[in-house]
>>> print(open('structure27.cif').read())   # mmCIF, C-alpha atoms
data_start
#
loop_
_atom_site.label_atom_id
_atom_site.label_comp_id
_atom_site.auth_asym_id
_atom_site.auth_seq_id
_atom_site.Cartn_x
_atom_site.Cartn_y
_atom_site.Cartn_z
CA MET P 1 3.79 -25.67 5.91
CA SER P 2 1.87 -22.47 6.69
CA THR P 3 -1.90 -22.29 6.31
CA GLY P 4 -1.40 -19.90 3.40
CA GLU P 5 0.81 -22.40 1.56
CA LEU P 6 -1.73 -25.16 2.30
CA SER P 7 -4.41 -23.02 0.68
CA ALA P 8 -2.14 -22.36 -2.30
CA VAL P 9 -1.48 -26.10 -2.73
CA ALA P 10 -5.21 -26.75 -2.54
CA LEU P 11 -5.77 -24.20 -5.30
CA ASP P 12 -2.99 -25.80 -7.37
CA ASN P 13 -4.98 -29.03 -7.23
CA GLY P 14 -8.34 -27.50 -8.07
CA PHE P 15 -9.71 -27.20 -4.54
CA LEU P 16 -11.10 -23.80 -3.58
CA PRO P 17 -11.09 -22.56 0.03
CA LEU P 18 -14.49 -20.96 0.56
CA ARG P 19 -13.00 -17.73 1.86
CA TYR P 20 -11.72 -16.98 -1.67
CA VAL P 21 -14.79 -18.07 -3.64
CA LYS P 22 -15.82 -14.47 -4.39
CA ASN P 23 -12.32 -13.66 -5.73
CA ILE P 24 -12.13 -16.44 -8.27
CA GLY P 25 -14.42 -14.98 -10.92
CA THR P 26 -12.00 -12.05 -11.15
CA ILE P 27 -8.57 -13.62 -10.70
CA GLY P 28 -9.06 -17.38 -11.12
CA LEU P 29 -7.62 -20.27 -9.13
CA ASP P 30 -4.09 -19.71 -10.45
CA GLY P 31 -4.30 -16.02 -9.62
CA GLN P 32 -5.39 -16.71 -6.08
CA ALA P 33 -2.53 -19.17 -5.60
CA ARG P 34 -0.07 -16.56 -6.89
CA LEU P 35 -1.40 -13.98 -4.44
CA LEU P 36 -0.98 -16.42 -1.57
CA ARG P 37 2.69 -16.81 -2.52
CA ALA P 38 3.31 -13.08 -2.99
CA VAL P 39 5.08 -10.66 -0.67
CA VAL P 40 3.87 -7.07 -0.40
CA VAL P 41 5.49 -4.37 1.72
CA VAL P 42 3.23 -1.63 3.05
CA VAL P 43 5.38 1.36 3.97
CA GLY P 44 3.27 3.32 6.42
CA ALA P 45 0.48 1.79 8.51
CA GLY P 46 -1.68 4.88 8.98
CA GLY P 47 -4.41 6.31 6.74
CA ILE P 48 -3.70 4.68 3.39
CA GLY P 49 -1.59 1.86 4.80
CA GLY P 50 -4.15 0.55 7.26
CA PHE P 51 -6.88 0.31 4.63
CA ALA P 52 -4.45 -1.19 2.11
CA ALA P 53 -3.28 -3.83 4.58
CA GLU P 54 -6.84 -4.97 5.29
CA MET P 55 -7.76 -5.20 1.61
CA LEU P 56 -4.58 -7.12 0.80
CA ALA P 57 -5.41 -9.58 3.58
CA ARG P 58 -8.94 -10.06 2.32
CA PHE P 59 -7.61 -10.56 -1.22
CA GLY P 60 -5.34 -13.28 0.19
CA VAL P 61 -1.85 -11.86 -0.29
CA GLY P 62 0.15 -14.46 1.62
CA ARG P 63 2.83 -12.33 3.24
CA LEU P 64 2.68 -8.72 4.31
CA LYS P 65 5.44 -6.57 5.73
CA LEU P 66 4.29 -3.53 7.68
CA ILE P 67 6.72 -0.67 8.28
CA ASP P 68 5.82 2.26 10.53
CA PRO P 69 7.50 3.77 13.62
CA ASP P 70 4.45 5.51 15.05
CA LEU P 71 1.86 4.99 17.75
CA PHE P 72 -1.84 5.67 17.25
CA ASP P 73 -2.94 9.01 18.65
CA GLU P 74 -6.25 10.87 18.83
CA THR P 75 -5.64 12.77 15.57
CA ASN P 76 -5.72 9.44 13.74
CA LEU P 77 -9.25 8.56 14.83
CA ASN P 78 -11.00 10.40 12.00
CA ARG P 79 -9.51 8.36 9.16
CA GLN P 80 -7.03 5.60 10.02
CA ASN P 81 -8.27 2.04 9.77
CA PHE P 82 -8.03 0.09 13.06
CA SER P 83 -7.51 3.30 15.07
CA CYS P 84 -9.91 3.18 18.01
CA CYS P 85 -10.02 4.84 21.39
CA ASP P 86 -8.74 1.71 23.09
CA VAL P 87 -5.59 1.48 20.92
CA VAL P 88 -4.42 5.08 21.31
CA GLY P 89 -0.79 4.90 22.41
CA MET P 90 -0.21 1.47 20.85
CA ALA P 91 2.14 0.77 17.94
CA LYS P 92 0.33 0.97 14.61
CA VAL P 93 2.09 -2.05 13.11
CA ASP P 94 1.16 -4.22 16.09
CA VAL P 95 -2.50 -3.22 16.02
CA VAL P 96 -2.78 -3.70 12.25
CA ARG P 97 -1.01 -7.07 12.44
CA ASP P 98 -3.33 -8.39 15.14
CA ARG P 99 -6.41 -7.33 13.20
CA ILE P 100 -5.15 -8.86 9.95
CA LEU P 101 -4.53 -12.19 11.67
CA GLU P 102 -8.16 -12.12 12.80
CA ILE P 103 -9.30 -11.42 9.24
CA ASN P 104 -7.27 -14.08 7.40
CA ALA P 105 -5.19 -16.78 9.05
CA ASP P 106 -3.54 -17.54 5.68
CA VAL P 107 -1.63 -14.25 5.85
CA GLU P 108 1.78 -14.03 7.48
CA VAL P 109 2.46 -10.56 8.86
CA GLU P 110 5.96 -9.26 9.52
CA THR P 111 6.15 -5.99 11.43
CA HIS P 112 8.92 -3.41 11.56
CA ARG P 113 8.38 -0.60 14.03
CA THR P 114 10.95 1.65 12.45
CA ALA P 115 11.18 4.61 10.13
CA ALA P 116 11.86 3.59 6.54
CA GLY P 117 15.07 5.09 5.18
CA ARG P 118 17.99 4.60 2.84
CA ASP P 119 19.80 2.36 5.31
CA ASN P 120 17.05 -0.20 5.92
CA LEU P 121 14.66 -0.10 2.97
CA PRO P 122 16.73 -2.24 0.56
CA ASP P 123 16.81 -5.11 3.05
CA LEU P 124 13.13 -4.70 3.94
CA ILE P 125 11.86 -4.83 0.36
CA GLU P 126 14.36 -7.15 -1.33
CA ASP P 127 12.00 -10.17 -1.49
CA ALA P 128 8.85 -8.18 -2.25
CA SER P 129 6.65 -8.35 -5.31
CA VAL P 130 5.38 -4.80 -4.72
CA ALA P 131 5.98 -2.00 -2.23
CA ILE P 132 2.97 0.18 -1.43
CA ASP P 133 3.75 3.82 -0.69
CA ALA P 134 1.57 4.90 2.24
CA LEU P 135 3.99 7.54 3.48
CA ASP P 136 3.27 11.16 4.34
CA SER P 137 6.21 13.10 2.93
CA LEU P 138 7.64 13.51 -0.54
CA THR P 139 11.14 13.18 0.86
CA ASP P 140 10.40 9.68 2.17
CA ARG P 141 8.59 8.75 -1.05
CA PHE P 142 11.66 9.66 -3.10
CA VAL P 143 13.78 7.46 -0.83
CA LEU P 144 11.34 4.58 -1.29
CA GLN P 145 11.39 4.99 -5.06
CA GLU P 146 15.19 4.92 -5.05
CA ALA P 147 15.22 1.75 -2.95
CA CYS P 148 12.65 0.05 -5.19
CA ALA P 149 14.66 0.92 -8.28
CA ARG P 150 17.81 -0.47 -6.68
CA MET P 151 16.15 -3.73 -5.61
CA GLY P 152 14.04 -4.25 -8.72
CA VAL P 153 10.71 -3.87 -6.91
CA VAL P 154 7.59 -2.23 -8.33
CA MET P 155 6.34 0.71 -6.24
CA VAL P 156 2.68 1.69 -6.11
CA HIS P 157 2.38 5.31 -5.00
CA GLY P 158 -0.63 6.98 -3.46
CA ALA P 159 -1.15 10.32 -1.78
CA ILE P 160 -4.10 12.34 -0.53
CA ALA P 161 -4.89 15.97 0.19
CA GLY P 162 -8.34 16.96 1.35
CA THR P 163 -10.84 15.61 -1.18
CA ALA P 164 -8.15 14.84 -3.77
CA LEU P 165 -5.92 11.85 -4.31
CA GLN P 166 -3.31 10.61 -6.74
CA VAL P 167 -2.03 7.14 -7.62
CA THR P 168 0.63 5.82 -9.99
CA THR P 169 2.62 2.63 -10.47
CA ILE P 170 6.38 2.96 -10.83
CA HIS P 171 8.60 0.24 -12.23
CA PRO P 172 12.37 0.25 -11.65
CA GLY P 173 13.93 2.76 -14.03
CA ASP P 174 10.77 4.83 -14.50
CA PRO P 175 11.03 8.56 -13.68
CA GLY P 176 8.01 8.33 -11.40
CA LEU P 177 7.92 10.93 -8.66
CA THR P 178 11.11 12.63 -9.79
CA THR P 179 8.96 14.47 -12.34
CA PHE P 180 7.39 16.44 -9.48
CA ALA P 181 8.88 19.08 -7.20
CA PRO P 182 8.14 19.24 -3.44
CA VAL P 183 5.34 21.64 -2.53
CA LEU P 184 5.74 22.46 1.16
CA GLU P 185 8.39 21.83 3.78
CA GLY P 186 7.04 20.76 7.14
CA GLU P 187 8.38 21.34 10.61
CA ASP P 188 10.21 18.02 10.35
CA GLY P 189 12.38 19.43 7.56
CA LYS P 190 10.89 17.06 4.98
CA ALA P 191 9.15 18.00 1.77
CA HIS P 192 5.41 17.52 2.09
CA GLY P 193 2.45 17.92 -0.23
CA ILE P 194 -0.47 20.30 0.09
CA GLU P 195 -2.15 17.99 2.63
CA LEU P 196 -0.48 20.07 5.34
CA GLU P 197 -3.08 22.73 4.50
CA THR P 198 -6.06 20.74 3.22
CA GLY P 199 -6.20 18.06 5.91
CA ASN P 200 -7.14 14.41 5.52
CA PRO P 201 -10.83 13.41 5.76
CA PRO P 202 -11.82 9.74 6.22
CA THR P 203 -12.89 9.05 2.63
CA THR P 204 -9.84 9.82 0.50
CA PRO P 205 -7.36 7.44 2.19
CA ALA P 206 -9.81 4.57 1.73
CA ILE P 207 -10.30 5.37 -1.97
CA SER P 208 -6.57 5.78 -2.56
CA ALA P 209 -5.83 2.52 -0.76
CA ALA P 210 -8.41 0.64 -2.85
CA ILE P 211 -6.83 1.86 -6.08
CA GLU P 212 -3.32 1.06 -4.84
CA VAL P 213 -4.37 -2.47 -3.89
CA GLU P 214 -6.00 -2.95 -7.29
CA GLU P 215 -2.76 -1.85 -8.94
CA THR P 216 -0.76 -4.18 -6.68
CA VAL P 217 -2.86 -7.20 -7.57
CA LYS P 218 -2.60 -6.42 -11.29
CA VAL P 219 1.19 -6.18 -11.01
CA ILE P 220 1.45 -9.50 -9.15
CA LEU P 221 -0.86 -11.32 -11.56
CA GLY P 222 0.26 -9.58 -14.75
CA GLN P 223 -3.35 -8.78 -15.59
CA GLY P 224 -5.05 -5.67 -16.89
CA THR P 225 -3.67 -2.19 -17.48
CA THR P 226 -1.83 -0.44 -14.69
CA LEU P 227 -1.12 3.22 -14.08
CA ARG P 228 2.50 2.88 -15.16
CA GLY P 229 3.70 6.06 -16.83
CA LYS P 230 0.67 8.08 -15.79
CA MET P 231 -0.72 9.60 -12.64
CA LEU P 232 -4.39 9.21 -11.81
CA TYR P 233 -5.67 12.39 -10.15
CA LEU P 234 -9.16 12.40 -8.66
CA ASP P 235 -10.95 15.10 -6.70
CA THR P 236 -14.15 13.82 -5.11
CA LEU P 237 -15.42 17.34 -4.43
CA ASP P 238 -16.38 17.90 -8.07
CA TRP P 239 -15.50 14.40 -9.44
CA SER P 240 -12.78 15.83 -11.64
CA LEU P 241 -10.63 13.01 -13.03
CA ASP P 242 -7.37 13.39 -14.92
CA PHE P 243 -4.57 11.17 -16.13
CA ILE P 244 -1.25 13.00 -16.12
CA ASP P 245 1.40 11.65 -18.49
CA LEU P 246 4.51 11.48 -16.33
CA ALA P 247 6.80 11.18 -19.33
CA GLU P 248 5.83 14.70 -20.37
CA GLN P 249 6.45 16.39 -17.01
#
>>> encode(input="structure27.cif", output="structure tokens")
Amino acid sequence: MSTGELSAVALDNGFLPLRYVKNIGTIGLDGQARLLRAVVVVVGAGGIGGFAAEMLARFGVGRLKLIDPDLFDETNLNRQNFSCCDVVGMAKVDVVRDRILEINADVEVETHRTAAGRDNLPDLIEDASVAIDALDSLTDRFVLQEACARMGVVMVHGAIAGTALQVTTIHPGDPGLTTFAPVLEGEDGKAHGIELETGNPPTTPAISAAIEVEETVKVILGQGTTLRGKMLYLDTLDWSLDFIDLAEQ
């Protein structure tokens, strides 16, 4: 039995591991046990994905799958969690995994140093409760949404551009991102958003990741109101906040 399952059994029997004591007022003993038995896939281990992975581990999500083909480089140092000078050139999924295991021994981390695509995503997400979109192109996001719809997995989408961010939660069968058209095409031939021009400062990926993790926990526990059917748009420059009804796009 893994340490995470031992903690879940303890919670089932009314015993509270101290590391989760600050969670319980929000999600309860049963909720914590459910998180420990949940599987979340984080697709992309860079800006949003690195922050999301750490928060999921601290929440006590029992099993994380990290998918990312890239190595850390110097352009990541301004914003990507766990990117440091001494890990430049190392695989992102390996660095994030090692840090998560230091944070919470209850969490099992499965790494896939590969690009997510139509051929492998269904197998990678089939046992997941939620898939977190931490990708950097609309093309790849559409592929992830298709895979989630096919496998019956909820997708939590987040994207950033400069001081702005957007988040929505997409259930299988929802129109989701298909209501939007690609904005820019990058040198890689994929459709990208306006972040190619606005850049990515350190604050917005952390905020987006926090909202995505909150949505993920609500989906797993069946608590609260999620962003299903609407897109949260926030610009921290002037604190403009909008909810876009995706059904009307």
>>> closest_residue(input="structure27.cif", among="P:Gly224, P:Gly62, P:Gly89, P:Gly117", to="P:Ala105", atoms="all atoms listed in the file")
P:Gly62
>>> closest_residue(input="structure27.cif", among="P:Met90, P:Ala161, P:Ile170, P:Ile211", to="P:Leu144", atoms="only C-alpha atoms")
P:Ile170
>>> resolve_selection(input="structure27.cif", expression="the PyMOL selection byres ((chain P and resi 175) around 12)", output="JSON, numbers by chain")
{"P": [142, 145, 146, 149, 155, 168, 169, 170, 171, 172, 173, 174, 176, 177, 178, 179, 180, 228, 229, 230, 231, 245, 246, 247, 248, 249]}
>>> atom_distance(input="structure27.cif", atom1="atom CA of P:Ala131", atom2="atom CA of P:Ile48")
13.0 Å
>>> atom_distance(input="structure27.cif", atom1="atom CA of P:Met151", atom2="atom CA of P:Ile220")
16.2 Å
>>> residues_around(input="structure27.cif", residues="stretch 106-110 of chain P", least_positions_apart="4", cutoff="7 Å", atoms="all atoms listed in the file", output="ChimeraX atom specification")
/P:3-4,57,60-66,97,101
>>> residues_around(input="structure27.cif", residues="P:Ala134", least_positions_apart="6", cutoff="7 Å", atoms="only C-alpha atoms", output="PyMOL selection string")
chain P and resi 42-44+48-49+158
>>> resolve_selection(input="structure27.cif", expression="the PyMOL selection byres ((chain P and resi 160) around 9)", output="number ranges by chain")
P: 48, 136, 158-159, 161-166, 193-195, 199-200, 204-205, 208
>>> resolve_selection(input="structure27.cif", expression="the PyMOL selection byres ((chain P and resi 25-33) around 7)", output="number ranges by chain")
P: 8, 11-12, 22-24, 34-37, 221
>>> build_atoms(input="structure27.cif", residues="stretch 17-51 of chain P", atoms="N, CA and C atoms", output="PDB file, in the frame of the given file")
ATOM      1  N   PRO P  17     -10.653 -22.965  -1.305  1.00  0.00           N
ATOM      2  CA  PRO P  17     -11.090 -22.560   0.030  1.00  0.00           C
ATOM      3  C   PRO P  17     -12.245 -21.564  -0.080  1.00  0.00           C
ATOM      4  N   LEU P  18     -13.286 -21.772   0.702  1.00  0.00           N
ATOM      5  CA  LEU P  18     -14.490 -20.960   0.560  1.00  0.00           C
ATOM      6  C   LEU P  18     -14.236 -19.476   0.779  1.00  0.00           C
ATOM      7  N   ARG P  19     -13.235 -19.144   1.594  1.00  0.00           N
ATOM      8  CA  ARG P  19     -13.000 -17.730   1.860  1.00  0.00           C
ATOM      9  C   ARG P  19     -12.610 -16.957   0.599  1.00  0.00           C
ATOM     10  N   TYR P  20     -12.145 -17.651  -0.442  1.00  0.00           N
ATOM     11  CA  TYR P  20     -11.720 -16.980  -1.670  1.00  0.00           C
ATOM     12  C   TYR P  20     -12.717 -17.137  -2.815  1.00  0.00           C
ATOM     13  N   VAL P  21     -13.881 -17.743  -2.550  1.00  0.00           N
ATOM     14  CA  VAL P  21     -14.790 -18.070  -3.640  1.00  0.00           C
ATOM     15  C   VAL P  21     -15.253 -16.817  -4.398  1.00  0.00           C
ATOM     16  N   LYS P  22     -15.374 -15.691  -3.725  1.00  0.00           N
ATOM     17  CA  LYS P  22     -15.820 -14.470  -4.390  1.00  0.00           C
ATOM     18  C   LYS P  22     -14.696 -13.768  -5.162  1.00  0.00           C
ATOM     19  N   ASN P  23     -13.450 -14.211  -4.965  1.00  0.00           N
ATOM     20  CA  ASN P  23     -12.320 -13.660  -5.730  1.00  0.00           C
ATOM     21  C   ASN P  23     -12.149 -14.332  -7.079  1.00  0.00           C
ATOM     22  N   ILE P  24     -12.562 -15.592  -7.171  1.00  0.00           N
ATOM     23  CA  ILE P  24     -12.130 -16.440  -8.270  1.00  0.00           C
ATOM     24  C   ILE P  24     -12.665 -15.986  -9.621  1.00  0.00           C
ATOM     25  N   GLY P  25     -13.888 -15.461  -9.657  1.00  0.00           N
ATOM     26  CA  GLY P  25     -14.420 -14.980 -10.920  1.00  0.00           C
ATOM     27  C   GLY P  25     -13.599 -13.862 -11.526  1.00  0.00           C
ATOM     28  N   THR P  26     -12.843 -13.159 -10.682  1.00  0.00           N
ATOM     29  CA  THR P  26     -12.000 -12.050 -11.150  1.00  0.00           C
ATOM     30  C   THR P  26     -10.579 -12.487 -11.439  1.00  0.00           C
ATOM     31  N   ILE P  27      -9.992 -13.315 -10.552  1.00  0.00           N
ATOM     32  CA  ILE P  27      -8.570 -13.620 -10.700  1.00  0.00           C
ATOM     33  C   ILE P  27      -8.275 -15.094 -10.957  1.00  0.00           C
ATOM     34  N   GLY P  28      -9.267 -15.967 -10.825  1.00  0.00           N
ATOM     35  CA  GLY P  28      -9.060 -17.380 -11.120  1.00  0.00           C
ATOM     36  C   GLY P  28      -8.309 -18.121 -10.025  1.00  0.00           C
ATOM     37  N   LEU P  29      -8.308 -19.446 -10.122  1.00  0.00           N
ATOM     38  CA  LEU P  29      -7.620 -20.270  -9.130  1.00  0.00           C
ATOM     39  C   LEU P  29      -6.117 -20.010  -9.147  1.00  0.00           C
ATOM     40  N   ASP P  30      -5.533 -19.952 -10.344  1.00  0.00           N
ATOM     41  CA  ASP P  30      -4.090 -19.710 -10.450  1.00  0.00           C
ATOM     42  C   ASP P  30      -3.723 -18.344  -9.874  1.00  0.00           C
ATOM     43  N   GLY P  31      -4.561 -17.352 -10.147  1.00  0.00           N
ATOM     44  CA  GLY P  31      -4.300 -16.020  -9.620  1.00  0.00           C
ATOM     45  C   GLY P  31      -4.344 -15.983  -8.116  1.00  0.00           C
ATOM     46  N   GLN P  32      -5.307 -16.684  -7.534  1.00  0.00           N
ATOM     47  CA  GLN P  32      -5.390 -16.710  -6.080  1.00  0.00           C
ATOM     48  C   GLN P  32      -4.177 -17.391  -5.467  1.00  0.00           C
ATOM     49  N   ALA P  33      -3.730 -18.477  -6.097  1.00  0.00           N
ATOM     50  CA  ALA P  33      -2.530 -19.170  -5.600  1.00  0.00           C
ATOM     51  C   ALA P  33      -1.316 -18.258  -5.688  1.00  0.00           C
ATOM     52  N   ARG P  34      -1.210 -17.473  -6.755  1.00  0.00           N
ATOM     53  CA  ARG P  34      -0.070 -16.560  -6.890  1.00  0.00           C
ATOM     54  C   ARG P  34      -0.113 -15.478  -5.822  1.00  0.00           C
ATOM     55  N   LEU P  35      -1.295 -14.976  -5.515  1.00  0.00           N
ATOM     56  CA  LEU P  35      -1.400 -13.980  -4.440  1.00  0.00           C
ATOM     57  C   LEU P  35      -0.955 -14.562  -3.115  1.00  0.00           C
ATOM     58  N   LEU P  36      -1.340 -15.798  -2.844  1.00  0.00           N
ATOM     59  CA  LEU P  36      -0.980 -16.420  -1.570  1.00  0.00           C
ATOM     60  C   LEU P  36       0.524 -16.619  -1.442  1.00  0.00           C
ATOM     61  N   ARG P  37       1.237 -16.641  -2.561  1.00  0.00           N
ATOM     62  CA  ARG P  37       2.690 -16.810  -2.520  1.00  0.00           C
ATOM     63  C   ARG P  37       3.438 -15.491  -2.717  1.00  0.00           C
ATOM     64  N   ALA P  38       2.699 -14.388  -2.756  1.00  0.00           N
ATOM     65  CA  ALA P  38       3.310 -13.080  -2.990  1.00  0.00           C
ATOM     66  C   ALA P  38       3.694 -12.410  -1.682  1.00  0.00           C
ATOM     67  N   VAL P  39       4.638 -11.485  -1.804  1.00  0.00           N
ATOM     68  CA  VAL P  39       5.080 -10.660  -0.670  1.00  0.00           C
ATOM     69  C   VAL P  39       4.847  -9.198  -1.029  1.00  0.00           C
ATOM     70  N   VAL P  40       4.120  -8.493  -0.191  1.00  0.00           N
ATOM     71  CA  VAL P  40       3.870  -7.070  -0.400  1.00  0.00           C
ATOM     72  C   VAL P  40       4.310  -6.308   0.841  1.00  0.00           C
ATOM     73  N   VAL P  41       5.047  -5.241   0.626  1.00  0.00           N
ATOM     74  CA  VAL P  41       5.490  -4.370   1.720  1.00  0.00           C
ATOM     75  C   VAL P  41       4.599  -3.133   1.735  1.00  0.00           C
ATOM     76  N   VAL P  42       4.033  -2.835   2.879  1.00  0.00           N
ATOM     77  CA  VAL P  42       3.230  -1.630   3.050  1.00  0.00           C
ATOM     78  C   VAL P  42       4.054  -0.670   3.904  1.00  0.00           C
ATOM     79  N   VAL P  43       4.498   0.405   3.286  1.00  0.00           N
ATOM     80  CA  VAL P  43       5.380   1.360   3.970  1.00  0.00           C
ATOM     81  C   VAL P  43       4.521   2.498   4.500  1.00  0.00           C
ATOM     82  N   GLY P  44       4.199   2.399   5.778  1.00  0.00           N
ATOM     83  CA  GLY P  44       3.270   3.320   6.420  1.00  0.00           C
ATOM     84  C   GLY P  44       2.008   2.574   6.792  1.00  0.00           C
ATOM     85  N   ALA P  45       1.642   2.561   8.059  1.00  0.00           N
ATOM     86  CA  ALA P  45       0.480   1.790   8.510  1.00  0.00           C
ATOM     87  C   ALA P  45      -0.620   2.698   9.047  1.00  0.00           C
ATOM     88  N   GLY P  46      -0.687   3.916   8.521  1.00  0.00           N
ATOM     89  CA  GLY P  46      -1.680   4.880   8.980  1.00  0.00           C
ATOM     90  C   GLY P  46      -2.899   4.930   8.086  1.00  0.00           C
ATOM     91  N   GLY P  47      -3.190   6.117   7.516  1.00  0.00           N
ATOM     92  CA  GLY P  47      -4.410   6.310   6.740  1.00  0.00           C
ATOM     93  C   GLY P  47      -4.528   5.373   5.559  1.00  0.00           C
ATOM     94  N   ILE P  48      -3.667   5.547   4.566  1.00  0.00           N
ATOM     95  CA  ILE P  48      -3.700   4.680   3.390  1.00  0.00           C
ATOM     96  C   ILE P  48      -3.238   3.277   3.743  1.00  0.00           C
ATOM     97  N   GLY P  49      -2.180   3.164   4.516  1.00  0.00           N
ATOM     98  CA  GLY P  49      -1.590   1.860   4.800  1.00  0.00           C
ATOM     99  C   GLY P  49      -2.489   0.913   5.551  1.00  0.00           C
ATOM    100  N   GLY P  50      -3.260   1.410   6.500  1.00  0.00           N
ATOM    101  CA  GLY P  50      -4.150   0.550   7.260  1.00  0.00           C
ATOM    102  C   GLY P  50      -5.246  -0.041   6.384  1.00  0.00           C
ATOM    103  N   PHE P  51      -5.863   0.801   5.546  1.00  0.00           N
ATOM    104  CA  PHE P  51      -6.880   0.310   4.630  1.00  0.00           C
ATOM    105  C   PHE P  51      -6.281  -0.663   3.619  1.00  0.00           C
TER     106      PHE P  51
END
